[in-house]
>>> print(open('structure29.cif').read())   # mmCIF, C-alpha atoms and all ligand atoms
data_run
#
loop_
_atom_site.label_atom_id
_atom_site.label_comp_id
_atom_site.auth_asym_id
_atom_site.auth_seq_id
_atom_site.Cartn_x
_atom_site.Cartn_y
_atom_site.Cartn_z
CA MET A 1 -1.19 28.10 0.54
CA ALA A 2 -4.00 25.63 0.87
CA ALA A 3 -4.12 23.40 3.92
CA LEU A 4 -6.15 20.38 4.89
CA ILE A 5 -8.16 21.02 8.05
CA PRO A 6 -6.59 19.39 11.12
CA CYS A 7 -9.51 17.06 11.89
CA LEU A 8 -9.21 15.35 8.49
CA ASP A 9 -5.43 15.29 8.77
CA GLN A 10 -5.96 13.43 12.04
CA LEU A 11 -8.34 10.97 10.35
CA ARG A 12 -5.81 10.20 7.63
CA ASP A 13 -3.03 9.81 10.21
CA GLU A 14 -5.11 7.23 12.10
CA ILE A 15 -5.83 5.25 8.94
CA ASP A 16 -2.14 5.34 8.04
CA ALA A 17 -1.16 4.22 11.55
CA ARG A 18 -3.60 1.29 11.47
CA TRP A 19 -2.75 0.12 7.92
CA PRO A 20 0.80 1.43 7.28
CA SER A 21 1.33 -0.47 4.04
CA ARG A 22 -2.00 0.49 2.45
CA ASP A 23 -2.15 1.63 -1.15
CA ARG A 24 -2.29 5.45 -1.27
CA ARG A 25 -2.48 5.98 -5.02
CA SER A 26 -6.12 7.12 -4.93
CA ASP A 27 -5.59 9.35 -1.91
CA GLY A 28 -6.15 13.06 -2.29
CA TRP A 29 -7.35 16.21 -0.63
CA LYS A 30 -6.71 19.35 -2.72
CA GLY A 31 -8.84 19.71 -5.83
CA ASP A 32 -7.27 19.52 -9.27
CA ALA A 33 -8.10 21.90 -12.12
CA ALA A 34 -11.33 20.00 -12.87
CA HIS A 35 -12.48 20.37 -9.26
CA GLN A 36 -11.84 24.10 -9.38
CA LEU A 37 -14.42 24.51 -12.12
CA ARG A 38 -17.17 23.32 -9.81
CA VAL A 39 -18.21 23.52 -6.19
CA SER A 40 -16.18 20.94 -4.27
CA ASP A 41 -15.02 20.52 -0.70
CA HIS A 42 -11.62 19.71 -2.24
CA ASN A 43 -11.26 23.36 -3.25
CA PRO A 44 -9.71 25.67 -0.64
CA ASP A 45 -12.25 28.04 0.93
CA SER A 46 -11.66 31.78 1.41
CA ARG A 47 -9.30 30.96 4.27
CA GLY A 48 -7.32 28.47 2.19
CA LEU A 49 -8.76 25.47 4.04
CA VAL A 50 -9.75 22.21 2.34
CA HIS A 51 -12.62 20.26 3.90
CA ALA A 52 -12.46 16.88 2.14
CA ILE A 53 -10.20 13.87 1.73
CA ASP A 54 -10.19 10.87 -0.57
CA VAL A 55 -8.81 7.64 0.85
CA ASP A 56 -7.69 4.74 -1.36
CA VAL A 57 -9.64 1.62 -0.36
CA ASP A 58 -6.99 -0.92 -1.39
CA GLY A 59 -5.68 -2.68 1.68
CA ILE A 60 -8.21 -1.28 4.15
CA PRO A 61 -11.70 -2.47 5.22
CA ALA A 62 -13.46 0.47 3.58
CA ASP A 63 -17.00 -0.73 4.30
CA ALA A 64 -16.23 -0.96 8.00
CA ILE A 65 -14.48 2.42 8.06
CA VAL A 66 -17.28 4.17 6.21
CA HIS A 67 -19.84 2.60 8.51
CA HIS A 68 -17.78 3.77 11.48
CA LEU A 69 -17.54 7.34 10.15
CA THR A 70 -21.20 7.85 9.35
CA GLY A 71 -22.72 9.92 12.11
CA ALA A 72 -19.44 11.54 13.16
CA PRO A 73 -20.20 15.12 14.30
CA ARG A 74 -17.20 16.52 12.44
CA LEU A 75 -18.38 15.18 9.05
CA LYS A 76 -20.98 16.41 6.57
CA TYR A 77 -21.09 13.38 4.32
CA VAL A 78 -19.23 10.30 3.14
CA ILE A 79 -19.32 8.78 -0.36
CA TYR A 80 -18.30 5.22 -1.19
CA ASN A 81 -19.20 2.61 -3.79
CA ARG A 82 -22.17 4.46 -5.34
CA PHE A 83 -23.63 5.38 -1.95
CA ILE A 84 -23.67 8.63 0.00
CA TRP A 85 -24.33 9.05 3.70
CA SER A 86 -25.19 12.63 4.70
CA ARG A 87 -25.80 14.34 7.98
CA THR A 88 -28.69 16.31 6.40
CA VAL A 89 -30.70 13.08 6.05
CA ALA A 90 -29.64 11.62 9.42
CA TRP A 91 -26.93 9.52 7.73
CA ALA A 92 -29.37 7.30 5.87
CA PRO A 93 -27.64 5.67 2.86
CA ALA A 94 -28.71 6.96 -0.56
CA ARG A 95 -27.63 6.07 -4.07
CA TYR A 96 -24.84 8.36 -5.25
CA THR A 97 -25.33 9.28 -8.89
CA GLY A 98 -22.32 11.51 -9.49
CA THR A 99 -20.06 10.75 -12.44
CA ASN A 100 -17.37 9.17 -10.24
CA PRO A 101 -18.83 6.09 -8.51
CA HIS A 102 -16.16 6.22 -5.74
CA ILE A 103 -15.21 2.56 -5.99
CA GLY A 104 -11.42 2.96 -5.68
CA HIS A 105 -11.58 5.46 -2.86
CA PHE A 106 -14.00 6.86 -0.32
CA HIS A 107 -14.61 10.56 0.15
CA ALA A 108 -15.20 12.29 3.46
CA SER A 109 -16.36 15.92 3.72
CA ALA A 110 -16.09 17.79 6.99
CA ASP A 111 -18.02 20.87 8.06
CA SER A 112 -16.75 24.44 8.45
CA ASN A 113 -17.39 24.82 12.15
CA PRO A 114 -13.99 26.16 13.38
CA GLY A 115 -14.24 24.02 16.51
CA HIS A 116 -14.68 20.92 14.38
CA GLU A 117 -12.00 21.92 11.87
CA GLN A 118 -9.38 22.14 14.60
CA ASP A 119 -10.58 19.11 16.57
CA ARG A 120 -7.83 16.49 16.53
CA SER A 121 -9.50 14.14 18.97
CA PRO A 122 -9.27 10.48 17.87
CA TRP A 123 -11.72 9.14 15.29
CA GLY A 124 -11.56 5.66 16.78
CA ILE A 125 -10.05 4.06 13.67
CA ALA A 126 -7.86 1.91 15.91
CA THR A 127 -10.94 0.11 17.23
CA ILE A 128 -12.45 -0.83 13.85
CA GLY A 129 -12.56 -4.55 13.29
CA ALA A 130 -13.24 -5.51 16.89
CA GLY A 131 -16.92 -6.05 16.14
CA PRO A 132 -18.74 -8.32 13.66
CA ARG A 133 -16.64 -9.05 10.59
CA PRO A 134 -17.64 -9.48 6.97
CA PRO A 135 -17.83 -13.04 5.60
CA VAL A 136 -14.53 -14.89 5.44
CA LYS A 137 -12.99 -14.69 1.98
CA PRO A 138 -12.91 -18.13 0.33
CA ALA A 139 -9.57 -19.56 -0.75
CA GLY A 140 -10.28 -19.83 -4.46
CA ILE A 141 -12.78 -17.61 -6.25
CA ARG A 142 -14.17 -18.55 -9.65
CA THR A 143 -16.51 -16.87 -12.08
CA LEU A 144 -19.88 -18.02 -10.79
CA ARG A 145 -23.18 -18.33 -12.65
CA LEU A 146 -26.35 -20.39 -12.83
CA THR A 147 -25.46 -23.67 -14.53
CA ASP A 148 -26.89 -27.18 -14.87
CA PRO A 149 -25.58 -29.03 -12.97
CA ARG A 150 -25.23 -26.29 -10.35
CA MET A 151 -21.92 -24.78 -9.31
CA THR A 152 -21.11 -25.52 -5.67
CA GLY A 153 -18.42 -24.44 -3.24
CA ALA A 154 -17.17 -22.03 -0.62
CA ASP A 155 -17.11 -19.15 -3.09
CA VAL A 156 -20.82 -19.71 -3.82
CA ALA A 157 -21.50 -19.73 -0.08
CA PHE A 158 -19.57 -16.49 0.24
CA VAL A 159 -21.84 -14.82 -2.32
CA GLN A 160 -24.91 -16.17 -0.56
CA ARG A 161 -23.71 -14.83 2.78
CA TRP A 162 -22.92 -11.48 1.20
CA LEU A 163 -26.45 -11.25 -0.19
CA ASP A 164 -28.12 -12.79 2.85
CA PRO A 165 -31.06 -13.08 3.27
CA ARG A 166 -31.94 -12.32 -0.35
CA ALA A 167 -30.10 -15.39 -1.68
CA GLY A 168 -32.10 -17.81 0.49
CA LYS A 169 -30.44 -20.79 2.12
CA ILE A 170 -26.65 -20.53 2.47
CA ASP A 171 -25.91 -23.99 1.10
CA GLY A 172 -23.07 -23.27 -1.32
CA VAL A 173 -25.22 -24.22 -4.33
CA PHE A 174 -25.67 -21.56 -7.03
CA GLY A 175 -29.37 -21.96 -7.82
CA PRO A 176 -32.04 -19.65 -9.30
CA ARG A 177 -32.50 -17.75 -6.05
CA THR A 178 -28.78 -17.00 -5.84
CA ASP A 179 -28.92 -15.90 -9.48
CA ALA A 180 -31.82 -13.53 -8.72
CA ALA A 181 -30.01 -12.15 -5.67
CA VAL A 182 -26.86 -11.51 -7.72
CA ARG A 183 -28.87 -9.65 -10.37
CA TRP A 184 -30.53 -7.55 -7.67
CA TYR A 185 -27.12 -6.70 -6.22
CA GLN A 186 -25.71 -5.83 -9.62
CA ARG A 187 -28.62 -3.50 -10.38
CA MET A 188 -28.18 -1.83 -6.99
CA ARG A 189 -24.47 -1.32 -7.63
CA GLY A 190 -25.06 -0.02 -11.14
CA ILE A 191 -23.14 -2.81 -12.88
CA THR A 192 -24.33 -5.11 -15.69
CA ALA A 193 -27.12 -7.28 -14.21
CA ASP A 194 -26.21 -10.57 -15.88
CA GLY A 195 -26.22 -12.82 -12.82
CA ILE A 196 -22.56 -13.68 -13.43
CA VAL A 197 -20.19 -13.18 -10.51
CA GLY A 198 -17.06 -12.22 -12.45
CA ALA A 199 -14.25 -9.76 -11.85
CA VAL A 200 -16.46 -6.67 -11.56
CA THR A 201 -18.99 -8.20 -9.18
CA TRP A 202 -16.29 -9.81 -7.07
CA LYS A 203 -14.59 -6.44 -6.83
CA ASN A 204 -17.83 -4.85 -5.65
CA MET A 205 -18.01 -7.51 -2.97
CA GLY A 206 -14.59 -6.51 -1.71
CA MET A 207 -12.56 -9.15 -3.60
CA ARG A 208 -9.78 -8.12 -5.92
ZN ZN B 301 -13.32 13.39 -3.05
#
>>> encode(input="structure29.cif", output="C-alpha cells", more="lines below")
Ligand SMILES: [Zn+2]
Amino acid sequence: MAALIPCLDQLRDEIDARWPSRDRRSDGWKGDAAHQLRVSDHNPDSRGLVHAIDVDVDGIPADAIVHHLTGAPRLKYVIYNRFIWSRTVAWAPARYTGTNPHIGHFHASADSNPGHEQDRSPWGIATIGAGPRPPVKPAGIRTLRLTDPRMTGADVAFVQRWLDPRAGKIDGVFGPRTDAAVRWYQRMRGITADGIVGAVTWKNMGMR
C-alpha cells in the first residue's frame, strides 16, 4: 500500500486546520495511471512512499503559502502558477514549462531523507497572513482595457498595485503605461497578451 510521507501529511493537516472549508477538489498525492508512465514524486517509491502533494488553491492564499514554503529544508521544489521554486537553484523562481501550468493547485515535492520524511514538526502555516498582505480586492471588478476616455476606478488601482512599479503611478486611471504593464504580465504568465484584464487575467491575479 502506498502512503504519503508524514511530513507532507502534516503540511496538509495544517492547511486544512487553517482553512477548514477550503475547496479540496484539486487536492491529490498518489499518482494516477498517467503519472505512472513517467517519473513523478506522486508515484510510490520502492518503499511505497509518495513524496508529493497537490493542494487546491481555491479558498486559500496560495501565493503567500508558496512563498512561505520556499526554502523549507524538507522540500525539494514547489510549483505554482507557471513558476517553480527549487532547492537546487537556491529557491530562485523560474518559469515552469510543463504541460500542466499548476494554476488550480500548487505542487510540493519533499526529499527522501528519512529524517525529513518522518519529521512532523509544524510548517508554520498557522502564522501565514500576519505579515504584509496582497492588495485589497476591490468591491466590483470589470473587464478593464485601454479606452478613450480612460477607465477609472478601484479595480484599475488594484491592477496598478498588483503590477507596481511597472504600471507607473497608482492613480486608478487605465492609461498606456497600465496597458503595457498588463501585457507584460500576461506574457510572463503565458496568457494572451492583449492588454485586456478579463476573466483569465483577473484569475491570474487571484480574483475569481
Ligand atoms: Zn503534483
>>> residues_around(input="structure29.cif", residues="A:Arg18", least_positions_apart="5", cutoff="9 Å", atoms="only C-alpha atoms", output="count of residues only")
3
>>> closest_residue(input="structure29.cif", among="A:Val78, A:Ile191, A:Met1, A:Ala108", to="A:Trp29", atoms="all atoms listed in the file")
A:Ala108
>>> residues_near_ligand(input="structure29.cif", ligand="ligand ZN 301 (chain B)", cutoff="9 Å", atoms="all atoms listed in the file", output="list in words")
Asp27, Gly28, Trp29, Lys30, Gly31, Ser40, Asp41, His42, Ala52, Ile53, Asp54, Val55, Ile79, His102, His105, Phe106, His107, Ala108 and Ser109 of chain A
>>> write_last_selection(input="structure29.cif", atoms="C-alpha atoms", output="compact mmCIF listing (two decimals), keeping the file's coordinate frame")
# COMPACT_ATOMS: atom_id res chain seq x y z
CA ASP A 27 -5.59 9.35 -1.91
CA GLY A 28 -6.15 13.06 -2.29
CA TRP A 29 -7.35 16.21 -0.63
CA LYS A 30 -6.71 19.35 -2.72
CA GLY A 31 -8.84 19.71 -5.83
CA SER A 40 -16.18 20.94 -4.27
CA ASP A 41 -15.02 20.52 -0.70
CA HIS A 42 -11.62 19.71 -2.24
CA ALA A 52 -12.46 16.88 2.14
CA ILE A 53 -10.20 13.87 1.73
CA ASP A 54 -10.19 10.87 -0.57
CA VAL A 55 -8.81 7.64 0.85
CA ILE A 79 -19.32 8.78 -0.36
CA HIS A 102 -16.16 6.22 -5.74
CA HIS A 105 -11.58 5.46 -2.86
CA PHE A 106 -14.00 6.86 -0.32
CA HIS A 107 -14.61 10.56 0.15
CA ALA A 108 -15.20 12.29 3.46
CA SER A 109 -16.36 15.92 3.72
>>> closest_residue(input="structure29.cif", among="A:Arg120, A:Arg142, A:Arg187, A:Arg47", to="A:Phe158", atoms="all atoms listed in the file")
A:Arg142
>>> closest_residue(input="structure29.cif", among="A:Met205, A:Leu11, A:Ile141, A:Leu163", to="A:Leu69", atoms="all atoms listed in the file")
A:Leu11
>>> closest_residue(input="structure29.cif", among="A:Arg183, A:Arg161, A:Lys169, A:Arg82", to="A:Leu146", atoms="only C-alpha atoms")
A:Arg183
>>> atom_distance(input="structure29.cif", atom1="atom CA of A:Ala92", atom2="atom CA of A:Tyr77")
10.4 Å
>>> residues_around(input="structure29.cif", residues="A:Gly124", least_positions_apart="2", cutoff="10 Å", atoms="all atoms listed in the file", output="list in words")
Leu11, Glu14, Ile15, Ile65, His68, Leu69, Ser121, Pro122, Ala126, Thr127 and Ile128 of chain A
>>> closest_residue(input="structure29.cif", among="A:His35, A:Arg150, A:His51, A:Arg189", to="A:Trp202", atoms="only C-alpha atoms")
A:Arg189
>>> axis_aligned_box(input="structure29.cif", around="stretch 192-197 of chain A", padding_each_side="3 Å", output="JSON")
{"center_x": -23.7, "center_y": -9.4, "center_z": -13.2, "size_x": 12.9, "size_y": 14.6, "size_z": 11.4}
>>> closest_residue(input="structure29.cif", among="A:Gly190, A:Gly153, A:Trp85, A:Ile196", to="A:Gly172", atoms="only C-alpha atoms")
A:Gly153
>>> atom_distance(input="structure29.cif", atom1="atom CA of A:Glu117", atom2="atom CA of A:Pro20")
24.6 Å
>>> atom_distance(input="structure29.cif", atom1="atom CA of A:Cys7", atom2="atom CA of A:Gly71")
15.0 Å
>>> residues_near_point(input="structure29.cif", point="(-22.7, -20.5, -10.5)", cutoff="6 Å", atoms="all atoms listed in the file", output="VMD selection string")
chain A and resid 144 to 147 151 174
>>> write_last_selection(input="structure29.cif", atoms="C-alpha atoms", output="PDB file, keeping the file's coordinate frame")
ATOM      1  CA  LEU A 144     -19.880 -18.020 -10.790  1.00  0.00           C
ATOM      2  CA  ARG A 145     -23.180 -18.330 -12.650  1.00  0.00           C
ATOM      3  CA  LEU A 146     -26.350 -20.390 -12.830  1.00  0.00           C
ATOM      4  CA  THR A 147     -25.460 -23.670 -14.530  1.00  0.00           C
ATOM      5  CA  MET A 151     -21.920 -24.780  -9.310  1.00  0.00           C
ATOM      6  CA  PHE A 174     -25.670 -21.560  -7.030  1.00  0.00           C
TER       7      PHE A 174
END
